[in-house]
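Source file model-v1.cif; content: mmCIF, C-alpha atoms.
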```cif
data_start
loop_
_atom_site.group_PDB
_atom_site.id
_atom_site.type_symbol
_atom_site.label_atom_id
_atom_site.label_comp_id
_atom_site.auth_asym_id
_atom_site.auth_seq_id
_atom_site.Cartn_x
_atom_site.Cartn_y
_atom_site.Cartn_z
ATOM 1 C CA MET A 1 11.928 -21.956 22.561
ATOM 2 C CA ALA A 2 8.209 -21.274 22.694
ATOM 3 C CA GLY A 3 9.186 -17.718 21.741
ATOM 4 C CA TRP A 4 10.351 -19.097 18.393
ATOM 5 C CA VAL A 5 7.522 -21.590 17.857
ATOM 6 C CA LEU A 6 4.491 -19.514 18.822
ATOM 7 C CA PRO A 7 4.992 -16.777 16.183
ATOM 8 C CA THR A 8 5.019 -19.580 13.595
ATOM 9 C CA LEU A 9 1.697 -20.829 14.933
ATOM 10 C CA VAL A 10 0.303 -17.293 14.841
ATOM 11 C CA ALA A 11 1.446 -16.765 11.244
ATOM 12 C CA HIS A 12 0.751 -20.200 9.747
ATOM 13 C CA GLY A 13 -1.338 -22.321 12.134
ATOM 14 C CA SER A 14 -5.076 -22.884 12.130
ATOM 15 C CA ALA A 15 -7.353 -21.466 14.812
ATOM 16 C CA ASP A 16 -7.599 -24.901 16.429
ATOM 17 C CA GLN A 17 -3.813 -25.291 16.473
ATOM 18 C CA GLN A 18 -3.356 -21.848 17.975
ATOM 19 C CA GLU A 19 -5.895 -22.631 20.708
ATOM 20 C CA ARG A 20 -4.271 -25.999 21.351
ATOM 21 C CA TRP A 21 -0.686 -24.853 21.844
ATOM 22 C CA ILE A 22 -0.318 -21.097 22.358
ATOM 23 C CA LEU A 23 -1.945 -20.519 25.753
ATOM 24 C CA PRO A 24 -0.463 -23.666 27.407
ATOM 25 C CA SER A 25 2.964 -22.620 26.128
ATOM 26 C CA LEU A 26 2.567 -19.102 27.494
ATOM 27 C CA ARG A 27 1.572 -20.582 30.853
ATOM 28 C CA GLY A 28 4.724 -22.701 30.831
ATOM 29 C CA ASP A 29 2.820 -25.989 30.667
ATOM 30 C CA ILE A 30 4.547 -26.983 27.410
ATOM 31 C CA MET A 31 8.286 -26.993 26.763
ATOM 32 C CA TRP A 32 9.382 -27.053 23.119
ATOM 33 C CA CYS A 33 12.394 -28.201 21.159
ATOM 34 C CA GLN A 34 13.269 -27.543 17.533
ATOM 35 C CA MET A 35 14.071 -30.430 15.188
ATOM 36 C CA PHE A 36 15.465 -28.631 12.148
ATOM 37 C CA SER A 37 19.215 -29.321 11.730
ATOM 38 C CA GLU A 38 20.499 -32.640 10.422
ATOM 39 C CA PRO A 39 24.010 -34.106 10.058
ATOM 40 C CA GLY A 40 23.969 -33.174 6.358
ATOM 41 C CA ALA A 41 21.728 -30.109 6.559
ATOM 42 C CA GLY A 42 22.897 -27.383 8.888
ATOM 43 C CA SER A 43 23.512 -24.032 7.248
ATOM 44 C CA ASP A 44 21.856 -25.389 4.082
ATOM 45 C CA LEU A 45 18.757 -26.422 5.982
ATOM 46 C CA ALA A 46 16.608 -26.897 2.877
ATOM 47 C CA SER A 47 18.736 -29.897 1.872
ATOM 48 C CA LEU A 48 17.287 -31.921 4.783
ATOM 49 C CA THR A 49 16.556 -35.601 4.113
ATOM 50 C CA THR A 50 14.220 -36.568 6.979
ATOM 51 C CA ARG A 51 11.113 -37.913 5.220
ATOM 52 C CA ALA A 52 7.414 -37.589 6.011
ATOM 53 C CA THR A 53 5.301 -40.168 4.179
ATOM 54 C CA ARG A 54 1.529 -40.036 3.945
ATOM 55 C CA THR A 55 -0.225 -42.863 5.786
ATOM 56 C CA GLU A 56 -3.703 -43.973 6.821
ATOM 57 C CA ASP A 57 -3.570 -45.652 10.223
ATOM 58 C CA PRO A 58 -6.641 -47.813 10.916
ATOM 59 C CA GLU A 59 -6.698 -46.781 14.576
ATOM 60 C CA ARG A 60 -5.143 -43.311 14.605
ATOM 61 C CA GLY A 61 -6.545 -42.041 11.322
ATOM 62 C CA PRO A 62 -4.789 -40.101 8.537
ATOM 63 C CA GLY A 63 -1.336 -38.746 9.182
ATOM 64 C CA TRP A 64 2.353 -39.002 8.383
ATOM 65 C CA LEU A 65 5.214 -41.345 9.202
ATOM 66 C CA ILE A 66 8.460 -39.465 9.846
ATOM 67 C CA ASN A 67 11.841 -41.163 9.392
ATOM 68 C CA GLY A 68 15.252 -39.530 9.719
ATOM 69 C CA GLN A 69 17.791 -37.983 12.062
ATOM 70 C CA LYS A 70 18.054 -34.558 13.674
ATOM 71 C CA VAL A 71 21.026 -33.095 15.510
ATOM 72 C CA TRP A 72 21.879 -30.210 17.879
ATOM 73 C CA THR A 73 18.358 -30.427 19.298
ATOM 74 C CA SER A 74 18.438 -28.400 22.507
ATOM 75 C CA LEU A 75 16.394 -29.706 25.461
ATOM 76 C CA ALA A 76 15.003 -32.667 23.510
ATOM 77 C CA LYS A 77 15.034 -34.749 26.713
ATOM 78 C CA GLN A 78 12.892 -32.220 28.574
ATOM 79 C CA ALA A 79 10.528 -31.054 25.818
ATOM 80 C CA GLN A 80 6.970 -32.291 25.478
ATOM 81 C CA TRP A 81 6.604 -31.083 21.867
ATOM 82 C CA ALA A 82 8.882 -30.391 18.922
ATOM 83 C CA ILE A 83 8.552 -28.313 15.792
ATOM 84 C CA CYS A 84 9.981 -30.518 13.055
ATOM 85 C CA LEU A 85 10.778 -30.104 9.371
ATOM 86 C CA ALA A 86 10.546 -33.118 7.076
ATOM 87 C CA ARG A 87 10.574 -33.637 3.336
ATOM 88 C CA THR A 88 7.106 -34.436 2.019
ATOM 89 C CA ASP A 89 7.826 -34.286 -1.730
ATOM 90 C CA PRO A 90 11.300 -35.202 -3.027
ATOM 91 C CA THR A 91 10.321 -34.549 -6.672
ATOM 92 C CA VAL A 92 10.112 -30.738 -6.437
ATOM 93 C CA PRO A 93 12.848 -28.118 -5.737
ATOM 94 C CA LYS A 94 14.176 -28.556 -2.213
ATOM 95 C CA HIS A 95 12.575 -25.444 -0.714
ATOM 96 C CA GLU A 96 9.135 -26.422 -2.050
ATOM 97 C CA GLY A 97 8.849 -30.007 -0.792
ATOM 98 C CA ILE A 98 9.073 -29.522 2.984
ATOM 99 C CA GLY A 99 6.379 -29.863 5.631
ATOM 100 C CA CYS A 100 6.287 -28.425 9.145
ATOM 101 C CA PHE A 101 5.007 -30.758 11.865
ATOM 102 C CA MET A 102 4.324 -30.505 15.581
ATOM 103 C CA VAL A 103 5.609 -33.749 17.075
ATOM 104 C CA ASP A 104 4.590 -35.165 20.443
ATOM 105 C CA MET A 105 7.943 -36.193 21.979
ATOM 106 C CA THR A 106 6.326 -39.184 23.722
ATOM 107 C CA THR A 107 5.421 -40.761 20.368
ATOM 108 C CA PRO A 108 6.895 -44.258 19.860
ATOM 109 C CA GLY A 109 9.870 -44.340 17.496
ATOM 110 C CA ILE A 110 11.738 -41.323 18.920
ATOM 111 C CA ASP A 111 15.245 -42.068 20.215
ATOM 112 C CA ILE A 112 17.039 -39.158 21.944
ATOM 113 C CA ARG A 113 20.808 -39.388 22.444
ATOM 114 C CA PRO A 114 22.550 -36.601 24.417
ATOM 115 C CA LEU A 115 25.680 -34.999 22.965
ATOM 116 C CA ARG A 116 28.442 -34.136 25.439
ATOM 117 C CA GLU A 117 29.673 -30.584 24.836
ATOM 118 C CA LEU A 118 32.883 -28.642 25.350
ATOM 119 C CA THR A 119 31.539 -27.433 28.700
ATOM 120 C CA GLY A 120 30.912 -30.992 29.929
ATOM 121 C CA MET A 121 27.149 -30.436 29.727
ATOM 122 C CA ALA A 122 24.720 -32.210 27.398
ATOM 123 C CA MET A 123 22.087 -29.644 26.470
ATOM 124 C CA PHE A 124 22.234 -30.625 22.790
ATOM 125 C CA ASN A 125 20.996 -33.975 21.500
ATOM 126 C CA GLU A 126 20.712 -36.026 18.356
ATOM 127 C CA VAL A 127 17.263 -37.441 17.683
ATOM 128 C CA PHE A 128 16.480 -40.503 15.599
ATOM 129 C CA LEU A 129 12.958 -40.901 14.237
ATOM 130 C CA VAL A 130 11.732 -44.309 13.026
ATOM 131 C CA ASP A 131 8.140 -44.488 11.722
ATOM 132 C CA VAL A 132 7.049 -41.710 14.077
ATOM 133 C CA PHE A 133 3.324 -41.170 13.496
ATOM 134 C CA VAL A 134 2.125 -37.565 13.326
ATOM 135 C CA PRO A 135 -1.631 -36.992 12.824
ATOM 136 C CA ASP A 136 -2.917 -34.598 10.194
ATOM 137 C CA ASP A 137 -3.956 -32.023 12.783
ATOM 138 C CA CYS A 138 -0.271 -31.565 13.707
ATOM 139 C CA LEU A 139 0.729 -30.447 10.199
ATOM 140 C CA ILE A 140 1.110 -26.663 10.034
ATOM 141 C CA GLY A 141 -0.364 -25.296 6.820
ATOM 142 C CA SER A 142 -0.071 -27.357 3.652
ATOM 143 C CA PRO A 143 2.307 -30.343 3.252
ATOM 144 C CA THR A 144 4.686 -28.147 1.235
ATOM 145 C CA ASN A 145 4.476 -24.955 3.313
ATOM 146 C CA GLY A 146 7.295 -25.956 5.654
ATOM 147 C CA TRP A 147 9.928 -23.578 4.341
ATOM 148 C CA ALA A 148 7.713 -20.542 5.022
ATOM 149 C CA CYS A 149 7.185 -21.851 8.563
ATOM 150 C CA ALA A 150 10.930 -22.430 8.938
ATOM 151 C CA ARG A 151 11.761 -18.873 7.893
ATOM 152 C CA THR A 152 9.322 -17.468 10.449
ATOM 153 C CA THR A 153 10.746 -19.694 13.197
ATOM 154 C CA LEU A 154 14.376 -18.929 12.340
ATOM 155 C CA ALA A 155 13.751 -15.185 12.125
ATOM 156 C CA ASN A 156 12.290 -15.188 15.634
ATOM 157 C CA GLU A 157 15.106 -17.424 16.860
ATOM 158 C CA ARG A 158 17.610 -14.837 15.633
ATOM 159 C CA VAL A 159 15.649 -12.101 17.365
ATOM 160 C CA SER A 160 15.798 -14.086 20.603
ATOM 161 C CA MET A 161 19.487 -14.974 20.307
ATOM 162 C CA GLY A 162 20.405 -11.413 19.408
ATOM 163 C CA ALA A 163 18.861 -10.230 22.665
ATOM 164 C CA GLY A 164 21.703 -11.561 24.765
ATOM 165 C CA SER A 165 21.364 -15.344 24.825
ATOM 166 C CA SER A 166 24.548 -15.759 26.790
ATOM 167 C CA PHE A 167 25.654 -18.864 28.658
ATOM 168 C CA GLY A 168 27.768 -16.829 31.063
ATOM 169 C CA PRO A 169 27.933 -13.595 33.087
ATOM 170 C CA GLY A 170 26.747 -10.398 31.403
ATOM 171 C CA VAL A 171 28.270 -6.995 30.775
ATOM 172 C CA GLN A 172 27.279 -5.683 34.231
ATOM 173 C CA SER A 173 29.323 -8.518 35.720
ATOM 174 C CA VAL A 174 32.358 -7.279 33.773
ATOM 175 C CA LEU A 175 32.018 -3.864 35.402
ATOM 176 C CA ASP A 176 31.551 -5.407 38.856
ATOM 177 C CA LEU A 177 34.602 -7.598 38.326
ATOM 178 C CA ALA A 178 36.709 -4.637 37.237
ATOM 179 C CA VAL A 179 35.747 -2.765 40.414
ATOM 180 C CA ARG A 180 36.512 -5.767 42.642
ATOM 181 C CA THR A 181 39.914 -6.429 41.063
ATOM 182 C CA GLY A 182 40.940 -2.767 40.924
ATOM 183 C CA SER A 183 41.190 -2.902 37.124
ATOM 184 C CA ILE A 184 38.714 -0.013 36.911
ATOM 185 C CA ASP A 185 41.641 2.360 37.457
ATOM 186 C CA ASP A 186 43.190 1.282 34.143
ATOM 187 C CA PRO A 187 42.003 3.629 31.346
ATOM 188 C CA LEU A 188 42.322 0.828 28.776
ATOM 189 C CA VAL A 189 39.975 -1.334 30.838
ATOM 190 C CA VAL A 190 37.526 1.552 31.192
ATOM 191 C CA ASP A 191 37.614 2.042 27.421
ATOM 192 C CA GLU A 192 36.931 -1.668 26.823
ATOM 193 C CA ILE A 193 34.048 -1.763 29.287
ATOM 194 C CA GLY A 194 32.593 1.417 27.809
ATOM 195 C CA SER A 195 32.675 -0.209 24.385
ATOM 196 C CA LEU A 196 30.832 -3.254 25.735
ATOM 197 C CA PHE A 197 28.089 -1.114 27.283
ATOM 198 C CA ALA A 198 27.727 0.914 24.074
ATOM 199 C CA THR A 199 27.377 -2.241 21.995
ATOM 200 C CA ALA A 200 24.878 -3.703 24.467
ATOM 201 C CA HIS A 201 22.800 -0.530 24.147
ATOM 202 C CA CYS A 202 22.903 -0.684 20.340
ATOM 203 C CA VAL A 203 21.777 -4.322 20.355
ATOM 204 C CA ALA A 204 18.953 -3.392 22.733
ATOM 205 C CA MET A 205 17.829 -0.595 20.401
ATOM 206 C CA LEU A 206 17.736 -3.052 17.507
ATOM 207 C CA GLY A 207 15.469 -5.102 19.747
ATOM 208 C CA VAL A 208 13.161 -2.109 20.254
ATOM 209 C CA ARG A 209 12.953 -1.678 16.489
ATOM 210 C CA THR A 210 12.033 -5.347 16.057
ATOM 211 C CA THR A 211 9.407 -5.071 18.801
ATOM 212 C CA LEU A 212 7.806 -2.030 17.165
ATOM 213 C CA ARG A 213 7.736 -3.857 13.852
ATOM 214 C CA ALA A 214 5.983 -6.822 15.484
ATOM 215 C CA LEU A 215 3.457 -4.549 17.210
ATOM 216 C CA GLY A 216 2.750 -3.015 13.803
ATOM 217 C CA GLY A 217 1.813 -6.427 12.456
ATOM 218 C CA GLY A 218 5.073 -7.169 10.648
ATOM 219 C CA GLN A 219 7.335 -10.196 10.786
ATOM 220 C CA PRO A 220 11.059 -10.127 11.642
ATOM 221 C CA GLY A 221 13.025 -9.140 8.550
ATOM 222 C CA PRO A 222 16.674 -9.463 7.546
ATOM 223 C CA GLU A 223 17.607 -6.933 10.233
ATOM 224 C CA ALA A 224 17.150 -9.839 12.682
ATOM 225 C CA SER A 225 20.364 -11.226 11.186
ATOM 226 C CA VAL A 226 22.176 -7.991 12.063
ATOM 227 C CA ARG A 227 20.993 -8.249 15.626
ATOM 228 C CA LYS A 228 21.883 -11.923 15.908
ATOM 229 C CA LEU A 229 25.376 -11.415 14.457
ATOM 230 C CA LEU A 230 26.178 -8.388 16.625
ATOM 231 C CA GLY A 231 24.586 -9.899 19.723
ATOM 232 C CA VAL A 232 26.571 -13.128 19.501
ATOM 233 C CA GLU A 233 29.897 -11.373 18.873
ATOM 234 C CA HIS A 234 29.130 -9.040 21.789
ATOM 235 C CA GLU A 235 28.359 -11.911 24.182
ATOM 236 C CA GLN A 236 31.542 -13.721 23.208
ATOM 237 C CA ARG A 237 33.570 -10.563 23.751
ATOM 238 C CA VAL A 238 32.014 -10.096 27.195
ATOM 239 C CA GLN A 239 33.261 -13.527 28.249
ATOM 240 C CA GLU A 240 36.741 -12.857 26.831
ATOM 241 C CA VAL A 241 37.058 -9.552 28.705
ATOM 242 C CA GLY A 242 35.836 -11.160 31.929
ATOM 243 C CA LEU A 243 38.434 -13.918 31.681
ATOM 244 C CA GLY A 244 41.124 -11.333 31.002
ATOM 245 C CA LEU A 245 40.189 -9.349 34.107
ATOM 246 C CA LEU A 246 40.346 -12.473 36.259
ATOM 247 C CA GLY A 247 43.962 -13.050 35.336
ATOM 248 C CA PRO A 248 45.481 -16.254 36.788
ATOM 249 C CA ALA A 249 42.200 -17.045 38.597
ATOM 250 C CA ALA A 250 40.670 -17.738 35.183
ATOM 251 C CA ALA A 251 42.700 -20.953 35.012
ATOM 252 C CA ILE A 252 40.923 -22.392 38.062
ATOM 253 C CA ASP A 253 37.524 -23.967 37.481
ATOM 254 C CA GLU A 254 35.927 -22.769 40.711
ATOM 255 C CA ASP A 255 34.358 -19.587 42.124
ATOM 256 C CA ASP A 256 34.563 -16.714 39.588
ATOM 257 C CA GLY A 257 36.760 -18.799 37.323
ATOM 258 C CA ALA A 258 34.079 -21.491 36.972
ATOM 259 C CA ALA A 259 31.422 -19.002 35.847
ATOM 260 C CA TRP A 260 33.611 -17.212 33.341
ATOM 261 C CA ILE A 261 35.171 -20.384 31.921
ATOM 262 C CA ALA A 262 31.707 -21.895 31.424
ATOM 263 C CA GLY A 263 30.559 -18.687 29.749
ATOM 264 C CA PHE A 264 33.573 -18.527 27.461
ATOM 265 C CA LEU A 265 33.237 -22.161 26.347
ATOM 266 C CA GLY A 266 29.435 -22.144 26.119
ATOM 267 C CA ASN A 267 29.272 -19.025 23.971
ATOM 268 C CA ARG A 268 31.477 -20.567 21.270
ATOM 269 C CA ALA A 269 28.410 -22.472 20.039
ATOM 270 C CA LEU A 270 26.427 -19.296 19.396
ATOM 271 C CA SER A 271 28.427 -18.556 16.234
ATOM 272 C CA ILE A 272 26.713 -21.620 14.746
ATOM 273 C CA ALA A 273 23.447 -22.016 16.660
ATOM 274 C CA GLY A 274 20.431 -20.281 15.166
ATOM 275 C CA GLY A 275 22.164 -19.816 11.825
ATOM 276 C CA SER A 276 25.930 -19.507 11.526
ATOM 277 C CA SER A 277 27.613 -16.111 11.415
ATOM 278 C CA GLU A 278 28.531 -16.786 7.781
ATOM 279 C CA ILE A 279 24.870 -17.308 6.902
ATOM 280 C CA GLN A 280 23.898 -14.102 8.742
ATOM 281 C CA ARG A 281 26.490 -12.160 6.740
ATOM 282 C CA ASN A 282 25.068 -13.597 3.523
ATOM 283 C CA VAL A 283 21.544 -12.563 4.530
ATOM 284 C CA ILE A 284 22.724 -9.058 5.385
ATOM 285 C CA ALA A 285 24.690 -8.738 2.154
ATOM 286 C CA GLU A 286 21.948 -10.033 -0.140
ATOM 287 C CA ARG A 287 18.761 -8.705 1.467
ATOM 288 C CA LEU A 288 19.921 -5.449 3.054
ATOM 289 C CA LEU A 289 22.917 -4.356 0.956
ATOM 290 C CA ASP A 290 21.581 -5.794 -2.334
ATOM 291 C CA LEU A 291 24.895 -7.486 -3.131
ATOM 292 C CA PRO A 292 25.086 -10.445 -5.573
ATOM 293 C CA LYS A 293 23.866 -13.764 -4.207
ATOM 294 C CA ASP A 294 26.360 -16.263 -2.901
ATOM 295 C CA PRO A 295 26.887 -18.847 -5.696
#
```
Mind turning this structure into structure tokens?
Amino acid sequence: MAGWVLPTLVAHGSADQQERWILPSLRGDIMWCQMFSEPGAGSDLASLTTRATRTEDPERGPGWLINGQKVWTSLAKQAQWAICLARTDPTVPKHEGIGCFMVDMTTPGIDIRPLRELTGMAMFNEVFLVDVFVPDDCLIGSPTNGWACARTTLANERVSMGAGSSFGPGVQSVLDLAVRTGSIDDPLVVDEIGSLFATAHCVAMLGVRTTLRALGGGQPGPEASVRKLLGVEHEQRVQEVGLGLLGPAAAIDEDDGAAWIAGFLGNRALSIAGGSSEIQRNVIAERLLDLPKDP
């Protein structure tokens, strides 16, 4: 997740903050998690209710006390730091009263509770924050600049997830499986696999376009939503085709069946994670096709 956090630091962080976190993250010394979503603020992230209240600690100096609950926080148990959104001003419009904080996950007051998933794993977590102290030097930008930080983070998350963030075997594995099972002699199977490779190539080319934009000094735009939407649907289709080629063996949770079942179940979450497919379609419609805004 450093690939989502670091561009936010580059775009909005101070020189000291960039020096503090970027190089250690690139070296792999810091693992990050993202505390954005809440039980009542998923697709409508700006409606979050986690609060950050200004405080002056006699020992730790000026900072903020964060109280609230986050959910679907991947790798919260393993992460050393989190990028966290919290409401700093409840009196202004919801997008304008949000702060972006870097939270040390060892800070007292953080309670991490794993969430058991459809796959049997517990990569996601819910996180409860009770009077979690965050010093001033961990606030990114101004106390009300959080939504701009969030948009940068989410745009790069979509870029990452559109690049093939699959929980299972990839498209090459579909071809290998078709050869092993003899399905490669079926013209319908060949047509399906050809379609998967063509889509994978298109998604990769969207990635090249995003890379060139970044190298030119730009930030990910609404086209990141196109890539995320297509990439997720492609990955889910890969798992479905793989299960189909396995036939009866797909019902057995061992050997090839175990890998493809885990991929099929794990990839269901990607329609929601990183911005639901419905939200991506809204972004595409409003910002690329200039259609009326969703009421």
For this session: Go through A:Gly99, A:Gly247, A:Gly3, A:Pro169 one by one, measure the shortest atom-to-atom distance of each to Ala150 of chain A using all atoms listed in the file, and give the residue with the smallest value.
Result: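 Answer, going by the shortest atom-to-atom distance: A:Gly99.
Excluding Val5 of chain A itself and same-chain residues fewer than 6 positions from it, the residues having an atom within 9 Å of it are Trp32, Cys33, Gln34, Ala82, Ile83, Thr152, Thr153, Asn156 and Glu157 of chain A, counting all atoms listed in the file.
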Exercise. Do you have the atom CA of Leu215 of chain A-atom CA of Gln80 of chain A distance handy?
Worked result: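 Separating atom CA of Leu215 of chain A from atom CA of Gln80 of chain A is a distance of 29.2 Å.
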For this session: Select, from A:Leu206, A:Val103, A:Leu175, A:Val226, the residue with the minimum atom-to-atom distance to Gln280 of chain A, counting all atoms listed in the file.
Result: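 Of the candidates, the smallest distance to Gln280 of chain A is held by A:Val226.
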Seminar exercise, completed: Expressed in Å, the length from atom CA of Leu188 of chain A to atom CA of Gly242 of chain A is 14.0 Å
